[in-house]
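Visitor: So that you have it, the file is model.cif, and it contains mmCIF, C-alpha atoms:
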data_input
loop_
_atom_site.label_atom_id
_atom_site.label_comp_id
_atom_site.auth_asym_id
_atom_site.auth_seq_id
_atom_site.Cartn_x
_atom_site.Cartn_y
_atom_site.Cartn_z
CA MET H 1 -16.32 -4.15 -15.92
CA SER H 2 -14.57 -2.87 -12.81
CA MET H 3 -11.46 -4.61 -11.59
CA LYS H 4 -10.57 -5.68 -8.09
CA ALA H 5 -7.31 -4.56 -6.57
CA VAL H 6 -4.95 -5.14 -3.71
CA PHE H 7 -3.50 -1.88 -2.44
CA LEU H 8 -0.18 -2.39 -0.71
CA GLU H 9 1.60 0.03 1.55
CA GLN H 10 5.21 -0.10 0.42
CA ASP H 11 7.15 -0.15 3.68
CA GLY H 12 6.42 -3.09 5.93
CA ALA H 13 3.69 -4.65 3.79
CA LEU H 14 5.23 -5.17 0.33
CA THR H 15 8.87 -4.37 1.06
CA ASP H 16 11.11 -4.71 4.06
CA ASP H 17 11.03 -1.49 6.06
CA ASN H 18 14.73 -0.74 6.02
CA GLY H 19 14.62 3.06 6.01
CA GLY H 20 15.80 3.32 2.39
CA HIS H 21 12.50 4.73 1.13
CA ALA H 22 14.00 6.62 -1.81
CA ASN H 23 17.08 4.50 -2.45
CA PRO H 24 16.12 1.82 -4.98
CA ARG H 25 19.14 -0.33 -4.12
CA CYS H 26 17.84 -0.66 -0.55
CA ILE H 27 14.38 -1.87 -1.56
CA THR H 28 13.70 -5.59 -1.22
CA LEU H 29 10.42 -7.47 -1.31
CA CYS H 30 9.35 -8.92 2.00
CA SER H 31 9.77 -12.63 2.48
CA GLY H 32 7.17 -14.64 0.58
CA ALA H 33 5.89 -11.68 -1.45
CA GLY H 34 6.21 -13.49 -4.78
CA PRO H 35 4.14 -16.58 -3.94
CA ALA H 36 1.63 -14.51 -1.97
CA LEU H 37 0.97 -12.09 -4.79
CA ARG H 38 0.96 -14.83 -7.45
CA LEU H 39 -1.88 -16.47 -5.50
CA LEU H 40 -3.84 -13.22 -5.65
CA ALA H 41 -2.97 -12.63 -9.31
CA ARG H 42 -4.53 -16.01 -10.13
CA LEU H 43 -7.72 -14.63 -8.56
CA ASP H 44 -7.56 -11.64 -10.93
CA TYR H 45 -6.41 -9.04 -8.41
CA ARG H 46 -4.35 -6.11 -9.69
CA PHE H 47 -1.59 -4.56 -7.57
CA PHE H 48 -1.20 -0.93 -6.57
CA VAL H 49 1.38 0.54 -4.21
CA VAL H 50 0.07 3.41 -2.09
CA SER H 51 2.56 5.10 0.19
CA ASN H 52 3.22 8.21 2.23
CA GLN H 53 6.55 9.63 1.06
CA ASP H 54 6.88 12.66 3.33
CA GLY H 55 10.66 12.62 2.92
CA VAL H 56 9.90 14.93 -0.01
CA ALA H 57 8.15 17.46 2.24
CA HIS H 58 10.93 17.23 4.82
CA GLY H 59 13.62 17.82 2.19
CA HIS H 60 15.28 14.40 2.54
CA PHE H 61 14.91 13.68 -1.19
CA ALA H 62 13.33 15.25 -4.26
CA GLU H 63 10.03 14.02 -5.65
CA ALA H 64 11.92 12.93 -8.78
CA ALA H 65 13.70 10.32 -6.62
CA LEU H 66 10.45 8.35 -6.45
CA GLU H 67 10.43 7.45 -10.14
CA PRO H 68 13.42 5.08 -9.71
CA VAL H 69 11.60 3.62 -6.70
CA ARG H 70 8.59 2.87 -8.91
CA HIS H 71 10.89 1.26 -11.47
CA ARG H 72 12.58 -0.85 -8.78
CA LEU H 73 9.25 -2.09 -7.43
CA ALA H 74 8.04 -2.91 -10.94
CA ASP H 75 11.30 -4.76 -11.62
CA LEU H 76 11.13 -6.75 -8.39
CA LEU H 77 7.57 -7.79 -9.16
CA PHE H 78 8.45 -8.58 -12.79
CA ARG H 79 11.13 -10.97 -11.49
CA GLU H 80 8.33 -12.70 -9.61
CA GLN H 81 6.25 -12.88 -12.82
CA LEU H 82 3.91 -10.16 -11.56
CA GLY H 83 2.89 -6.71 -12.67
CA LEU H 84 2.65 -3.42 -10.83
CA ASP H 85 -0.50 -1.72 -12.06
CA GLY H 86 0.02 1.56 -10.24
CA PHE H 87 2.35 3.45 -7.91
CA TYR H 88 0.69 6.23 -5.93
CA TYR H 89 2.41 8.29 -3.28
CA CYS H 90 1.81 11.33 -1.13
CA PRO H 91 4.81 13.71 -0.91
CA HIS H 92 3.09 16.01 1.61
CA HIS H 93 3.39 16.57 5.34
CA PRO H 94 1.83 19.48 7.25
CA ASP H 95 5.12 20.02 9.16
CA GLY H 96 7.32 19.76 6.06
CA ARG H 97 10.27 22.09 5.45
CA ILE H 98 9.62 22.43 1.71
CA ALA H 99 6.81 24.99 1.37
CA ALA H 100 5.23 23.47 -1.75
CA TYR H 101 4.73 20.15 0.08
CA ALA H 102 4.03 21.43 3.62
CA LEU H 103 0.28 21.03 3.65
CA ASP H 104 -2.62 18.98 4.86
CA CYS H 105 -4.04 16.97 2.00
CA LEU H 106 -6.49 14.22 1.22
CA CYS H 107 -3.85 11.89 -0.23
CA ARG H 108 -1.78 11.43 2.95
CA GLN H 109 -2.81 8.26 4.73
CA PRO H 110 -4.91 7.86 6.84
CA MET H 111 -6.96 9.81 4.30
CA PRO H 112 -8.16 7.71 1.34
CA GLY H 113 -7.12 10.02 -1.51
CA LEU H 114 -4.51 7.73 -3.08
CA LEU H 115 -6.90 4.79 -3.22
CA LEU H 116 -9.74 6.92 -4.56
CA LYS H 117 -7.49 8.36 -7.28
CA ALA H 118 -6.33 4.89 -8.32
CA ALA H 119 -9.95 3.68 -8.37
CA ARG H 120 -11.00 6.56 -10.66
CA GLU H 121 -8.05 6.12 -13.00
CA HIS H 122 -8.29 2.32 -13.27
CA ASP H 123 -12.02 1.61 -12.79
CA ILE H 124 -11.44 -0.30 -9.55
CA ASP H 125 -14.32 -1.73 -7.55
CA LEU H 126 -13.27 -0.63 -4.06
CA GLN H 127 -15.78 -2.90 -2.30
CA ALA H 128 -14.19 -5.91 -4.03
CA SER H 129 -10.69 -4.69 -3.17
CA TRP H 130 -8.32 -4.91 -0.22
CA MET H 131 -5.78 -2.65 1.47
CA ILE H 132 -2.80 -4.35 3.10
CA GLY H 133 -0.74 -2.22 5.46
CA ALA H 134 1.65 -2.39 8.36
CA ILE H 135 0.19 0.46 10.43
CA LEU H 136 -3.30 1.59 11.34
CA HIS H 137 -3.04 4.73 9.14
CA ASP H 138 -2.95 2.32 6.17
CA ILE H 139 -5.98 0.46 7.51
CA GLU H 140 -7.89 3.69 8.05
CA ALA H 141 -7.20 4.80 4.47
CA GLY H 142 -8.47 1.47 3.14
CA ASN H 143 -11.57 1.49 5.33
CA ARG H 144 -12.39 5.11 4.40
CA ALA H 145 -12.08 4.17 0.71
CA GLY H 146 -14.52 1.29 1.15
CA CYS H 147 -12.04 -1.61 0.94
CA ARG H 148 -11.62 -4.55 3.23
CA THR H 149 -8.35 -4.35 5.12
CA VAL H 150 -5.53 -6.52 6.43
CA LEU H 151 -3.01 -5.33 8.99
CA ILE H 152 0.36 -7.05 8.92
CA ASP H 153 1.35 -6.94 12.58
CA SER H 154 5.12 -6.95 12.18
CA GLY H 155 5.93 -4.39 14.86
CA ASN H 156 5.60 -1.28 12.68
CA GLU H 157 2.49 0.00 14.46
CA THR H 158 3.57 1.70 17.67
CA GLU H 159 0.59 3.86 18.67
CA TRP H 160 -2.36 1.42 18.49
CA ARG H 161 -4.90 4.23 18.54
CA LEU H 162 -8.04 2.37 17.57
CA GLY H 163 -11.17 4.01 16.24
CA ARG H 164 -14.11 3.46 13.94
CA HIS H 165 -12.03 3.51 10.73
CA ARG H 166 -8.91 1.94 12.24
CA LEU H 167 -10.19 -1.59 12.81
CA PRO H 168 -8.80 -4.02 10.21
CA THR H 169 -10.92 -6.75 8.70
CA ARG H 170 -8.12 -9.15 9.71
CA VAL H 171 -4.74 -9.02 11.46
CA VAL H 172 -1.99 -11.36 10.24
CA SER H 173 1.74 -11.88 10.72
CA ASP H 174 2.97 -11.52 7.12
CA LEU H 175 2.05 -11.02 3.47
CA CYS H 176 1.60 -14.77 2.89
CA ALA H 177 -1.05 -14.91 5.60
CA ALA H 178 -2.69 -11.79 4.16
CA ALA H 179 -2.91 -13.45 0.74
CA ASP H 180 -4.46 -16.56 2.32
CA VAL H 181 -7.10 -14.40 4.06
CA ILE H 182 -7.96 -12.59 0.83
CA ALA H 183 -8.05 -15.81 -1.19
CA ALA H 184 -10.36 -17.47 1.35
CA ALA H 185 -12.69 -14.47 1.33
CA ASP H 186 -12.62 -14.33 -2.46
CA THR H 187 -13.60 -17.97 -2.88
CA ALA H 188 -16.36 -17.62 -0.26
CA ARG H 189 -17.83 -14.59 -2.04
CA PRO H 190 -21.00 -15.33 -4.08
#
Would you mind writing the file's structure down as structure tokens?

Guide:
Amino acid sequence: MSMKAVFLEQDGALTDDNGGHANPRCITLCSGAGPALRLLARLDYRFFVVSNQDGVAHGHFAEAALEPVRHRLADLLFREQLGLDGFYYCPHHPDGRIAAYALDCLCRQPMPGLLLKAAREHDIDLQASWMIGAILHDIEAGNRAGCRTVLIDSGNETEWRLGRHRLPTRVVSDLCAAADVIAAADTARP
């Protein structure tokens, strides 16, 4: 039987966006993340981080630096009595300085590649799943993958270019409100 998932953009949705993308010591869960995700875990949601990490393509850090980030996220969630079921990232950027990563790809949000890969590898029912993000690229990736979407409007989105795939199912102020929206929709589902 397929599982349902919550896909979380790392910066601004799951963690505070403090610019320390590849420095594990700088990564902290956003306020209320523990209780919010425990609510969703009780509803049998699994948690997957999906994140653009174009610092690799720009030469700011090596791709190997993302493994300690994954460990840090897993540890932070473990401390909240939660599990991290997957950590998916895109190291690419078409304007990158590192030739091997300087390309257009299907995994860089707003494209849905990371979510589709996770769904294949973990038998995830995308229609029963949600994408939570802090910018409209995250929302577009979730919508293109077939998920419902929640935008955390915390000031991270600066362009507000709306379009067919960029309209979130709901807009909320924080992760706690996002969890409440998902829980309400889950209990209303037949």

Visitor: Can you turn the PyMOL selection byres ((chain H and resi 69-85) around 8) into a concrete residue list for this file, as a PyMOL selection string?

Guide: chain H and resi 21-24+27-29+34+37-38+41+46-49+65-68+86-87

Visitor: Care to translate the PyMOL selection byres ((chain H and resi 135-145) around 8) into actual residues of this file, as a PyMOL selection string?

Guide: chain H and resi 9+109-113+115-116+126+130-134+146-153+156-157+160-162+165-168

Visitor: Please write as an MDAnalysis selection string the full residue list that the PyMOL selection byres ((chain H and resi 180) around 12) yields on this file.

Guide: chainID H and resid 32 35:40 43 150 170:179 181:187

Visitor: How many Å separate atom CA of H:Asp54 from atom CA of H:Cys90?

Guide: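 Distance reported for this atom pair: 6.9 Å.
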
Visitor: Which one is closest to H:Val50: H:Tyr89, H:Arg97, H:Asp123, H:Ala128? Count only C-alpha atoms.

Guide: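 Smallest separation from H:Val50 among the options: H:Tyr89.
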